[in-house]
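Engineer: You'll find query-v1.pdb just under this line, and it carries PDB, C-alpha atoms.
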```
ATOM      1  CA  MET L  23       0.000   0.000   0.000
ATOM      2  CA  GLU L  24       2.810   2.361   0.781
ATOM      3  CA  ASN L  25       4.332   1.750  -2.650
ATOM      4  CA  GLU L  26       0.991   2.519  -4.316
ATOM      5  CA  ASN L  27       0.678   5.800  -2.422
ATOM      6  CA  ALA L  28       4.242   6.772  -3.377
ATOM      7  CA  HIS L  29       3.509   5.992  -7.015
ATOM      8  CA  THR L  30       0.321   8.108  -6.937
ATOM      9  CA  ASP L  31       2.185  11.019  -5.256
ATOM     10  CA  PHE L  32       4.744  10.926  -8.062
ATOM     11  CA  GLU L  33       2.061  11.113 -10.745
ATOM     12  CA  SER L  34       0.176  13.952  -9.009
ATOM     13  CA  LEU L  35       3.319  16.027  -8.407
ATOM     14  CA  CYS L  36       4.542  15.269 -11.918
ATOM     15  CA  ALA L  37       1.550  17.033 -13.447
ATOM     16  CA  GLY L  38       2.144  20.150 -11.342
ATOM     17  CA  TYR L  39       5.888  20.085 -12.044
ATOM     18  CA  VAL L  40       5.413  19.916 -15.802
ATOM     19  CA  LEU L  41       2.955  22.818 -15.628
ATOM     20  CA  GLY L  42       5.203  24.866 -13.320
ATOM     21  CA  ALA L  43       2.465  24.958 -10.662
ATOM     22  CA  LEU L  44       4.417  23.617  -7.658
ATOM     23  CA  ASP L  45       5.796  25.687  -4.812
ATOM     24  CA  GLU L  46       9.478  25.460  -3.886
ATOM     25  CA  SER L  47       9.065  22.650  -1.341
ATOM     26  CA  GLU L  48       6.902  20.528  -3.670
ATOM     27  CA  GLN L  49       9.295  21.157  -6.562
ATOM     28  CA  ALA L  50      12.276  20.046  -4.467
ATOM     29  CA  ARG L  51      10.357  16.981  -3.304
ATOM     30  CA  PHE L  52       9.440  15.978  -6.842
ATOM     31  CA  GLU L  53      12.976  16.486  -8.140
ATOM     32  CA  THR L  54      14.190  14.145  -5.406
ATOM     33  CA  MET L  55      11.545  11.597  -6.430
ATOM     34  CA  LEU L  56      12.534  12.039 -10.074
ATOM     35  CA  GLU L  57      16.167  11.161  -9.278
ATOM     36  CA  GLU L  58      14.971   7.876  -7.727
ATOM     37  CA  ALA L  59      12.174   7.254 -10.250
ATOM     38  CA  SER L  60      11.564   3.857 -11.764
ATOM     39  CA  PRO L  61      11.702   3.420 -15.563
ATOM     40  CA  GLU L  62       7.903   3.456 -15.615
ATOM     41  CA  GLN L  63       7.786   6.767 -13.735
ATOM     42  CA  GLU L  64      10.455   8.308 -15.983
ATOM     43  CA  ALA L  65       8.414   7.324 -19.031
ATOM     44  CA  PHE L  66       5.323   8.899 -17.443
ATOM     45  CA  TYR L  67       7.263  12.155 -16.889
ATOM     46  CA  ARG L  68       8.500  12.236 -20.498
ATOM     47  CA  ASP L  69       4.986  11.561 -21.808
ATOM     48  CA  LEU L  70       3.574  14.498 -19.849
ATOM     49  CA  CYS L  71       6.311  16.785 -21.178
ATOM     50  CA  ASP L  72       5.503  15.689 -24.733
ATOM     51  CA  VAL L  73       1.772  16.274 -24.204
ATOM     52  CA  ARG L  74       2.477  19.735 -22.765
ATOM     53  CA  ASP L  75       4.594  20.711 -25.769
ATOM     54  CA  GLU L  76       2.082  19.374 -28.272
ATOM     55  CA  LEU L  77      -0.863  21.130 -26.616
ATOM     56  CA  ALA L  78       1.022  24.416 -26.434
ATOM     57  CA  LEU L  79       1.501  24.321 -30.218
ATOM     58  CA  ALA L  80      -1.925  22.965 -31.012
ATOM     59  CA  ALA L  81      -3.690  26.352 -31.334
ATOM     60  CA  ASP L  82      -4.440  27.259 -34.969
ATOM     61  CA  PRO L  83      -2.797  30.508 -36.232
ATOM     62  CA  GLU L  84      -5.221  33.456 -36.390
ATOM     63  CA  PRO L  85      -5.237  35.962 -39.294
ATOM     64  CA  PRO L  86      -4.564  39.600 -38.334
ATOM     65  CA  SER L  87      -7.536  41.894 -37.820
ATOM     66  CA  ASP L  88      -8.557  44.378 -40.543
ATOM     67  CA  ALA L  89      -7.190  47.300 -38.498
ATOM     68  CA  VAL L  90      -3.776  45.704 -38.137
ATOM     69  CA  GLU L  91      -3.677  44.806 -41.830
ATOM     70  CA  THR L  92      -4.646  48.382 -42.824
ATOM     71  CA  ARG L  93      -1.964  49.933 -40.624
ATOM     72  CA  LEU L  94       0.626  47.501 -41.930
ATOM     73  CA  MET L  95      -0.208  48.231 -45.579
ATOM     74  CA  THR L  96      -0.204  51.997 -44.904
ATOM     75  CA  SER L  97       3.211  51.732 -43.312
ATOM     76  CA  ILE L  98       4.539  49.786 -46.301
ATOM     77  CA  GLY L  99       3.056  52.351 -48.716
ATOM     78  CA  SER L 100       4.588  55.240 -46.798
ATOM     79  CA  ALA L 101       7.988  53.611 -46.840
ATOM     80  CA  GLN L 102       7.757  52.991 -50.584
ATOM     81  CA  GLY L 103       6.673  56.621 -51.212
ATOM     82  CA  ALA L 104       9.592  57.922 -49.200
ATOM     83  CA  SER L 105      11.979  55.734 -51.187
ATOM     84  CA  SER L 106      10.576  57.059 -54.504
ATOM     85  CA  SER L 107      10.918  60.668 -53.338
ATOM     86  CA  ASN L 108      14.565  60.160 -52.482
ATOM     87  CA  ALA L 109      15.285  58.479 -55.811
ATOM     88  CA  GLN L 110      13.744  61.196 -58.101
ATOM     89  CA  PRO L 111      13.956  65.013 -57.846
ATOM     90  CA  ASP L 112      10.658  66.595 -56.932
ATOM     91  CA  PHE L 113      10.251  69.507 -59.359
ATOM     92  CA  ASP L 114       6.717  70.216 -58.093
ATOM     93  CA  GLU L 115       7.728  70.720 -54.484
ATOM     94  CA  PRO L 116       6.038  73.766 -53.053
ATOM     95  CA  SER L 117       8.406  76.509 -52.175
ATOM     96  CA  GLY L 118       7.152  76.637 -48.592
ATOM     97  CA  ALA L 119       7.801  72.909 -47.789
ATOM     98  CA  SER L 120      11.336  72.121 -46.755
ATOM     99  CA  PRO L 121      12.881  68.613 -46.726
ATOM    100  CA  ALA L 122      13.335  68.873 -42.990
ATOM    101  CA  SER L 123       9.610  69.391 -42.376
ATOM    102  CA  GLN L 124       8.754  66.505 -44.695
ATOM    103  CA  ASN L 125      11.154  64.204 -42.837
ATOM    104  CA  ALA L 126       9.677  65.307 -39.547
ATOM    105  CA  GLY L 127       6.179  64.451 -40.702
ATOM    106  CA  LEU L 128       7.323  61.066 -42.004
ATOM    107  CA  GLY L 129       9.091  60.305 -38.713
ATOM    108  CA  THR L 130       5.896  60.998 -36.779
ATOM    109  CA  GLY L 131       3.914  58.661 -39.022
ATOM    110  CA  GLN L 132       6.487  55.885 -38.668
ATOM    111  CA  ARG L 133       6.497  56.192 -34.880
ATOM    112  CA  SER L 134       2.722  55.917 -34.864
ATOM    113  CA  ASP L 135       2.872  52.834 -37.082
ATOM    114  CA  ARG L 136       5.513  51.236 -34.881
ATOM    115  CA  ALA L 137       3.360  51.860 -31.794
ATOM    116  CA  SER L 138       0.407  50.248 -33.549
ATOM    117  CA  ASP L 139       2.553  47.264 -34.507
ATOM    118  CA  ARG L 140       3.744  46.850 -30.914
ATOM    119  CA  GLU L 141       0.132  46.912 -29.695
ATOM    120  CA  ALA L 142      -0.807  44.276 -32.272
ATOM    121  CA  SER L 143       2.143  42.143 -31.197
ATOM    122  CA  ARG L 144       1.112  42.516 -27.539
ATOM    123  CA  ARG L 145      -2.412  41.350 -28.306
ATOM    124  CA  ALA L 146      -1.115  38.414 -30.311
ATOM    125  CA  ALA L 147       1.177  37.478 -27.422
ATOM    126  CA  SER L 148      -1.787  37.753 -25.029
ATOM    127  CA  ARG L 149      -3.785  35.338 -27.193
ATOM    128  CA  SER L 150      -0.839  32.936 -27.215
ATOM    129  CA  THR L 151      -0.646  33.140 -23.409
ATOM    130  CA  TRP L 152      -4.315  32.261 -23.061
ATOM    131  CA  ALA L 153      -3.871  29.376 -25.493
ATOM    132  CA  TYR L 154      -0.989  28.083 -23.360
ATOM    133  CA  LYS L 155      -3.054  28.391 -20.180
ATOM    134  CA  LEU L 156      -5.882  26.468 -21.786
ATOM    135  CA  ALA L 157      -3.448  23.770 -22.898
ATOM    136  CA  ALA L 158      -2.040  23.619 -19.355
ATOM    137  CA  VAL L 159      -5.519  23.133 -17.870
ATOM    138  CA  LEU L 160      -6.255  20.371 -20.368
ATOM    139  CA  LEU L 161      -2.928  18.709 -19.613
ATOM    140  CA  LEU L 162      -3.593  18.837 -15.869
ATOM    141  CA  ALA L 163      -7.039  17.294 -16.312
ATOM    142  CA  VAL L 164      -5.646  14.530 -18.515
ATOM    143  CA  SER L 165      -2.778  13.739 -16.127
ATOM    144  CA  ILE L 166      -5.052  13.616 -13.061
ATOM    145  CA  GLY L 167      -7.451  11.381 -14.953
ATOM    146  CA  LEU L 168      -4.608   9.065 -15.903
ATOM    147  CA  ALA L 169      -3.402   8.940 -12.297
ATOM    148  CA  TYR L 170      -6.815   7.929 -10.959
ATOM    149  CA  LEU L 171      -7.312   5.458 -13.804
ATOM    150  CA  THR L 172      -3.972   3.820 -13.012
ATOM    151  CA  LEU L 173      -4.859   3.578  -9.315
ATOM    152  CA  ASP L 174      -8.267   2.081 -10.128
ATOM    153  CA  LEU L 175      -6.691  -0.480 -12.448
ATOM    154  CA  ARG L 176      -4.209  -1.490  -9.751
ATOM    155  CA  SER L 177      -7.052  -1.926  -7.256
ATOM    156  CA  THR L 178      -9.009  -4.025  -9.756
ATOM    157  CA  VAL L 179      -5.990  -6.237 -10.455
ATOM    158  CA  SER L 180      -5.408  -6.685  -6.703
ATOM    159  CA  ASP L 181      -9.049  -7.695  -6.155
ATOM    160  CA  GLN L 182      -8.940 -10.145  -9.039
ATOM    161  CA  GLN L 183      -5.712 -11.657  -7.720
ATOM    162  CA  ALA L 184      -7.370 -12.202  -4.322
ATOM    163  CA  ILE L 185     -10.300 -13.953  -6.019
ATOM    164  CA  ILE L 186      -7.932 -16.148  -8.023
ATOM    165  CA  THR L 187      -6.040 -17.100  -4.856
ATOM    166  CA  GLN L 188      -9.291 -18.025  -3.112
ATOM    167  CA  LEU L 189     -10.445 -20.111  -6.084
ATOM    168  CA  GLU L 190      -7.116 -21.930  -6.214
ATOM    169  CA  SER L 191      -7.428 -22.751  -2.506
ATOM    170  CA  GLU L 192     -10.957 -24.085  -2.987
ATOM    171  CA  VAL L 193      -9.849 -26.234  -5.921
ATOM    172  CA  GLN L 194      -7.000 -27.641  -3.819
ATOM    173  CA  GLN L 195      -9.423 -28.486  -1.002
ATOM    174  CA  GLN L 196     -11.782 -30.253  -3.397
ATOM    175  CA  GLN L 197      -8.920 -32.228  -4.885
ATOM    176  CA  GLU L 198      -7.782 -33.233  -1.406
ATOM    177  CA  LEU L 199     -11.300 -34.282  -0.457
ATOM    178  CA  LEU L 200     -11.561 -36.394  -3.610
ATOM    179  CA  THR L 201      -8.195 -37.999  -2.811
ATOM    180  CA  VAL L 202      -9.344 -38.914   0.712
ATOM    181  CA  LEU L 203     -12.688 -40.232  -0.524
ATOM    182  CA  ALA L 204     -10.943 -42.334  -3.160
ATOM    183  CA  ALA L 205      -8.817 -44.102  -0.498
ATOM    184  CA  ARG L 206      -9.484 -47.790   0.151
ATOM    185  CA  GLU L 207     -10.586 -47.026   3.707
ATOM    186  CA  ALA L 208     -12.339 -43.708   4.416
ATOM    187  CA  ARG L 209     -14.054 -42.961   7.704
ATOM    188  CA  LEU L 210     -16.588 -40.229   8.471
ATOM    189  CA  ILE L 211     -16.796 -38.770  11.986
ATOM    190  CA  ASN L 212     -19.450 -36.166  12.840
ATOM    191  CA  MET L 213     -18.685 -33.628  15.580
ATOM    192  CA  GLY L 214     -21.256 -31.638  17.527
ATOM    193  CA  GLY L 215     -20.991 -28.300  19.314
ATOM    194  CA  LEU L 216     -20.345 -28.130  23.063
ATOM    195  CA  ASP L 217     -21.055 -25.399  25.643
ATOM    196  CA  ALA L 218     -18.431 -23.064  24.155
ATOM    197  CA  SER L 219     -20.287 -23.102  20.795
ATOM    198  CA  PRO L 220     -23.642 -24.953  20.895
ATOM    199  CA  GLU L 221     -24.467 -24.036  17.267
ATOM    200  CA  GLY L 222     -21.144 -25.302  15.960
ATOM    201  CA  TYR L 223     -20.612 -28.605  14.204
ATOM    202  CA  GLY L 224     -18.028 -30.324  12.032
ATOM    203  CA  LYS L 225     -17.013 -33.420  10.124
ATOM    204  CA  ILE L 226     -13.833 -35.412   9.623
ATOM    205  CA  VAL L 227     -13.269 -37.523   6.503
ATOM    206  CA  TRP L 228     -10.292 -39.664   7.506
ATOM    207  CA  ALA L 229      -8.209 -42.022   5.368
ATOM    208  CA  PRO L 230      -6.000 -43.858   7.940
ATOM    209  CA  THR L 231      -4.042 -45.759   5.314
ATOM    210  CA  GLU L 232      -3.119 -42.460   3.616
ATOM    211  CA  GLY L 233      -2.431 -40.607   6.859
ATOM    212  CA  ARG L 234      -4.622 -37.752   5.627
ATOM    213  CA  ALA L 235      -8.001 -36.241   6.389
ATOM    214  CA  VAL L 236     -10.253 -33.315   5.518
ATOM    215  CA  LEU L 237     -11.814 -31.231   8.299
ATOM    216  CA  GLN L 238     -15.023 -29.240   7.851
ATOM    217  CA  MET L 239     -16.181 -26.816  10.568
ATOM    218  CA  ALA L 240     -19.231 -24.543  10.712
ATOM    219  CA  ASN L 241     -20.701 -21.828  12.948
ATOM    220  CA  LEU L 242     -17.588 -21.458  15.077
ATOM    221  CA  PRO L 243     -16.573 -17.929  16.115
ATOM    222  CA  PRO L 244     -13.300 -16.675  14.599
ATOM    223  CA  PRO L 245     -10.424 -17.250  17.043
ATOM    224  CA  PRO L 246      -8.650 -14.233  18.577
ATOM    225  CA  GLU L 247      -5.459 -13.095  16.845
ATOM    226  CA  ASP L 248      -3.279 -14.767  19.487
ATOM    227  CA  LYS L 249      -5.131 -18.105  19.423
ATOM    228  CA  ASP L 250      -5.820 -21.014  17.047
ATOM    229  CA  TYR L 251      -8.229 -23.918  16.893
ATOM    230  CA  GLN L 252      -6.496 -27.262  17.352
ATOM    231  CA  LEU L 253      -7.731 -30.687  16.232
ATOM    232  CA  TRP L 254      -7.131 -33.749  18.428
ATOM    233  CA  LEU L 255      -7.388 -37.501  17.857
ATOM    234  CA  ILE L 256      -8.325 -39.415  21.020
ATOM    235  CA  LYS L 257      -7.868 -43.191  20.873
ATOM    236  CA  ASP L 258      -9.483 -45.206  23.663
ATOM    237  CA  GLU L 259      -8.367 -43.632  26.937
ATOM    238  CA  GLN L 260      -4.972 -42.526  25.655
ATOM    239  CA  ALA L 261      -3.607 -38.991  25.678
ATOM    240  CA  PRO L 262      -4.920 -36.819  22.783
ATOM    241  CA  ILE L 263      -2.774 -36.630  19.649
ATOM    242  CA  SER L 264      -2.498 -33.267  17.882
ATOM    243  CA  ALA L 265      -3.701 -33.322  14.270
ATOM    244  CA  GLY L 266      -3.018 -29.679  13.354
ATOM    245  CA  VAL L 267      -3.947 -26.069  14.113
ATOM    246  CA  PHE L 268      -6.354 -23.891  12.127
ATOM    247  CA  HIS L 269      -7.179 -20.193  11.917
ATOM    248  CA  PHE L 270      -9.832 -18.194  10.038
ATOM    249  CA  ASP L 271     -11.148 -14.627  10.059
ATOM    250  CA  GLN L 272     -14.867 -15.117   9.418
ATOM    251  CA  SER L 273     -17.430 -17.603  10.675
ATOM    252  CA  ARG L 274     -18.841 -19.645   7.785
ATOM    253  CA  ARG L 275     -20.534 -22.966   7.106
ATOM    254  CA  ASP L 276     -18.016 -24.060   4.488
ATOM    255  CA  LEU L 277     -14.699 -23.917   6.344
ATOM    256  CA  PHE L 278     -12.542 -26.747   4.969
ATOM    257  CA  PHE L 279      -9.024 -27.610   6.073
ATOM    258  CA  VAL L 280      -6.589 -30.246   4.874
ATOM    259  CA  VAL L 281      -5.242 -32.390   7.707
ATOM    260  CA  ASP L 282      -1.857 -33.770   6.684
ATOM    261  CA  GLN L 283      -0.507 -34.616  10.170
ATOM    262  CA  LEU L 284      -2.929 -37.457  10.945
ATOM    263  CA  ASP L 285      -0.562 -40.407  10.476
ATOM    264  CA  ALA L 286      -1.518 -42.235  13.720
ATOM    265  CA  GLU L 287      -2.980 -45.710  13.474
ATOM    266  CA  PRO L 288      -6.660 -45.805  14.399
ATOM    267  CA  SER L 289      -7.788 -47.709  17.448
ATOM    268  CA  PRO L 290      -9.779 -50.849  16.673
ATOM    269  CA  SER L 291     -12.247 -50.008  19.443
ATOM    270  CA  ALA L 292     -12.781 -46.226  19.796
ATOM    271  CA  ASN L 293     -11.594 -43.150  17.942
ATOM    272  CA  ALA L 294     -12.783 -39.677  18.841
ATOM    273  CA  PHE L 295     -11.971 -36.208  17.506
ATOM    274  CA  ALA L 296     -12.147 -32.900  19.337
ATOM    275  CA  VAL L 297     -11.484 -29.230  18.553
ATOM    276  CA  THR L 298     -10.185 -26.891  21.266
ATOM    277  CA  LEU L 299      -9.111 -23.247  21.374
ATOM    278  CA  GLU L 300      -5.392 -22.990  22.146
ATOM    279  CA  PRO L 301      -2.633 -20.356  22.151
ATOM    280  CA  GLU L 302      -1.310 -19.441  18.717
ATOM    281  CA  GLY L 303       0.663 -22.291  17.173
ATOM    282  CA  GLY L 304      -1.007 -24.979  19.307
ATOM    283  CA  MET L 305      -0.079 -26.920  22.438
ATOM    284  CA  PRO L 306       1.315 -30.418  23.077
ATOM    285  CA  GLN L 307      -1.861 -31.258  25.043
ATOM    286  CA  PRO L 308      -5.271 -29.569  25.244
ATOM    287  CA  THR L 309      -5.440 -26.587  27.615
ATOM    288  CA  GLY L 310      -8.360 -24.483  26.338
ATOM    289  CA  ASP L 311     -12.105 -24.793  25.966
ATOM    290  CA  MET L 312     -13.447 -27.649  23.832
ATOM    291  CA  PHE L 313     -15.738 -26.484  21.026
ATOM    292  CA  LEU L 314     -16.425 -29.680  19.045
ATOM    293  CA  LEU L 315     -16.429 -33.375  19.899
ATOM    294  CA  GLY L 316     -17.345 -36.485  17.914
ATOM    295  CA  GLN L 317     -16.697 -40.235  18.054
ATOM    296  CA  GLN L 318     -16.457 -42.838  15.328
ATOM    297  CA  VAL L 319     -19.341 -45.263  15.515
TER
END
```
Could you write out this structure as C-alpha cells?
Structural biologist:
Amino acid sequence: MENENAHTDFESLCAGYVLGALDESEQARFETMLEEASPEQEAFYRDLCDVRDELALAADPEPPSDAVETRLMTSIGSAQGASSSNAQPDFDEPSGASPASQNAGLGTGQRSDRASDREASRRAASRSTWAYKLAAVLLLAVSIGLAYLTLDLRSTVSDQQAIITQLESEVQQQQELLTVLAAREARLINMGGLDASPEGYGKIVWAPTEGRAVLQMANLPPPPEDKDYQLWLIKDEQAPISAGVFHFDQSRRDLFFVVDQLDAEPSPSANAFAVTLEPEGGMPQPTGDMFLLGQQV
C-alpha cells in the first residue's frame, strides 16, 4: 500500500511540475523523487512533457484583424513613397515645404505605425498566453485522470488476484477431499458443538491408510489473533494426539481444512476427535475450551 501511495504522489506532483504549478518545497520533493524514479515513472514524466509541448503548439494561427492589416499596408506604402521621393527630384515641391519638415512628418507617421505594430504584437502574445493556459488546464485534467485510472486499475488487479487465490485454494481443497474419498478405507466422523459453541458442528473424513483427512467446521466464532483452533485424535483412553492447528477470520458454514498430520494408526475399538481453542501455534496437550467433539461409531 505504501508503494501505491508513493507511485500516486509521483504522478500527481509530476503534473504540477510539468505545468510549473508547484511551490518550492513541492518542486524540491518531486525532483528528489525524479532522481529515484523507476523506468515506468520516468516514461510517465517524459509523456507528460511531450503532451504539454504538443498542446502548447496545437492552437491554430489566427489571421490579423482588418485594423492591423490596414496599418501595416499603410506603413509599407509610406515607406515605398519615401523611397521614390529620395530616388527622383521633386520639381513640383512647393516653395514653402522644406525637406526637414517633410522628414519630420514622415518620422511621426512611422512612430505611430511602430506603436500600432507593438500593440498588435502585444495582443497576439496575449492570445498565445491564453492558449498556453488552456493547454495547461487540459494537460492537468488529462494527467489527473490518468493517475486515478492507473490507481483504479491497480485496485481491480489486486481484487482479481485475491479472487484467483481463493479459487485456487478451494480447488486444492476439493482435490484433497476427492483424494481422501478415493482411499481404500475412508471414515466419516461427525462432531457436535459443546457449551463453548452450541451451534457449531463439524465433520472429519479420515483415510488412515493415507495418513490424511479433511476437516469441515461450521458456525464457530473466529479465534482471537493470538489463538488457534487445534484438532485432536483421542484413541481409547490414551492422551490426545495433535492433528493440526487452524485459523480463520470469518465464521462460515463451508470452512474446509486439509489435515496432513494425521498419520496415527486408528484404534480398533474407539476413535474420537475434538477441537479446542489454544494459544497461537497450538499446544502439546489440550489446555483451552473444547468447542467440538465427535466419536467414530
Engineer: If we draw a sphere of 12 Å around (11.0, 14.7, -3.8), which residues have at least one atom in it when counting all atoms listed in the file? Please report them as a ChimeraX atom specification.
Structural biologist: /L:28-29,31-33,35-36,39,44,46-59
Engineer: Write the selection just made, keeping C-alpha atoms, as a compact mmCIF listing (two decimals), in the frame of the given file?
Structural biologist:
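Output file selection08.txt follows:
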```
# COMPACT_ATOMS: atom_id res chain seq x y z
CA ALA L 28 4.24 6.77 -3.38
CA HIS L 29 3.51 5.99 -7.02
CA ASP L 31 2.18 11.02 -5.26
CA PHE L 32 4.74 10.93 -8.06
CA GLU L 33 2.06 11.11 -10.74
CA LEU L 35 3.32 16.03 -8.41
CA CYS L 36 4.54 15.27 -11.92
CA TYR L 39 5.89 20.08 -12.04
CA LEU L 44 4.42 23.62 -7.66
CA GLU L 46 9.48 25.46 -3.89
CA SER L 47 9.06 22.65 -1.34
CA GLU L 48 6.90 20.53 -3.67
CA GLN L 49 9.30 21.16 -6.56
CA ALA L 50 12.28 20.05 -4.47
CA ARG L 51 10.36 16.98 -3.30
CA PHE L 52 9.44 15.98 -6.84
CA GLU L 53 12.98 16.49 -8.14
CA THR L 54 14.19 14.14 -5.41
CA MET L 55 11.54 11.60 -6.43
CA LEU L 56 12.53 12.04 -10.07
CA GLU L 57 16.17 11.16 -9.28
CA GLU L 58 14.97 7.88 -7.73
CA ALA L 59 12.17 7.25 -10.25
```
Engineer: Can you turn the PyMOL selection byres ((chain L and resi 276-289) around 6) into a concrete residue list for this file, as a ChimeraX atom specification?
Structural biologist: /L:233-239,257,265,274-275,290-293
Engineer: Run through the PyMOL selection byres ((chain L and resi 263) around 9) on the given coordinates and return the selected residues as a PyMOL selection string.
Structural biologist: chain L and resi 253-257+260-262+264-265+284+286+306-307
Engineer: Name the residues that the PyMOL selection byres ((chain L and resi 318) around 9) picks from the file above, as a list in words, using the file's chain letters and numbers.
Structural biologist: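 So the PyMOL selection byres ((chain L and resi 318) around 9) ends up selecting Arg209, Leu210, Ile211, Asn212, Ala292, Asn293, Ala294, Phe295, Gly316, Gln317 and Val319 of chain L.
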Engineer: Measuring between all atoms listed in the file, which one of L:Asn241, L:Leu41, L:Ala296, L:Gln183 shows the shortest distance to Gly222 of chain L?
Structural biologist: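 Among L:Asn241, L:Leu41, L:Ala296, L:Gln183, it is L:Asn241 that comes nearest to Gly222 of chain L.
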Engineer: Between atom CA of Met305 of chain L and atom CA of Asp250 of chain L, what is the spacing in Å?
Structural biologist: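 Atom CA of Asp250 of chain L sits 9.8 Å away from atom CA of Met305 of chain L.
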Engineer: Output requested as a short mmCIF file (atom, residue, chain, number, x, y, z; two decimals), in the coordinates of the input - segment 293-300 of chain L, filled out with all heavy atoms.
Structural biologist:
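Final file, part_39.cif:
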```
data_model
loop_
_atom_site.label_atom_id
_atom_site.label_comp_id
_atom_site.auth_asym_id
_atom_site.auth_seq_id
_atom_site.Cartn_x
_atom_site.Cartn_y
_atom_site.Cartn_z
N ASN L 293 -12.35 -44.29 18.44
CA ASN L 293 -11.59 -43.15 17.94
C ASN L 293 -12.49 -41.91 18.00
O ASN L 293 -13.59 -41.90 17.45
CB ASN L 293 -11.14 -43.36 16.50
CG ASN L 293 -10.19 -44.53 16.36
OD1 ASN L 293 -9.03 -44.44 16.72
ND2 ASN L 293 -10.70 -45.66 15.83
N ALA L 294 -12.02 -40.90 18.70
CA ALA L 294 -12.78 -39.68 18.84
C ALA L 294 -11.94 -38.50 18.36
O ALA L 294 -10.70 -38.55 18.37
CB ALA L 294 -13.21 -39.47 20.29
N PHE L 295 -12.64 -37.43 17.92
CA PHE L 295 -11.97 -36.21 17.51
C PHE L 295 -12.57 -35.03 18.28
O PHE L 295 -13.78 -35.01 18.56
CB PHE L 295 -12.14 -35.97 16.00
CG PHE L 295 -11.28 -36.86 15.15
CD1 PHE L 295 -11.76 -38.08 14.70
CD2 PHE L 295 -9.98 -36.48 14.80
CE1 PHE L 295 -10.96 -38.90 13.91
CE2 PHE L 295 -9.19 -37.30 14.02
CZ PHE L 295 -9.67 -38.51 13.57
N ALA L 296 -11.71 -34.08 18.61
CA ALA L 296 -12.15 -32.90 19.34
C ALA L 296 -11.43 -31.67 18.79
O ALA L 296 -10.32 -31.76 18.24
CB ALA L 296 -11.88 -33.06 20.83
N VAL L 297 -12.07 -30.51 18.95
CA VAL L 297 -11.48 -29.23 18.55
C VAL L 297 -11.49 -28.31 19.77
O VAL L 297 -12.55 -28.08 20.38
CB VAL L 297 -12.27 -28.57 17.40
CG1 VAL L 297 -11.72 -27.18 17.11
CG2 VAL L 297 -12.20 -29.44 16.15
N THR L 298 -10.31 -27.80 20.13
CA THR L 298 -10.18 -26.89 21.27
C THR L 298 -9.57 -25.58 20.81
O THR L 298 -8.97 -25.49 19.73
CB THR L 298 -9.32 -27.51 22.38
OG1 THR L 298 -7.98 -27.73 21.87
CG2 THR L 298 -9.90 -28.82 22.87
N LEU L 299 -9.71 -24.55 21.64
CA LEU L 299 -9.11 -23.25 21.37
C LEU L 299 -7.83 -23.13 22.18
O LEU L 299 -7.86 -23.20 23.42
CB LEU L 299 -10.08 -22.12 21.76
CG LEU L 299 -9.64 -20.70 21.43
CD1 LEU L 299 -9.50 -20.51 19.92
CD2 LEU L 299 -10.62 -19.68 22.01
N GLU L 300 -6.69 -22.97 21.49
CA GLU L 300 -5.39 -22.99 22.15
C GLU L 300 -4.59 -21.73 21.78
O GLU L 300 -4.93 -21.01 20.85
CB GLU L 300 -4.61 -24.24 21.72
CG GLU L 300 -5.31 -25.55 21.98
CD GLU L 300 -5.50 -25.85 23.46
OE1 GLU L 300 -4.80 -25.22 24.29
OE2 GLU L 300 -6.37 -26.68 23.79
#
```
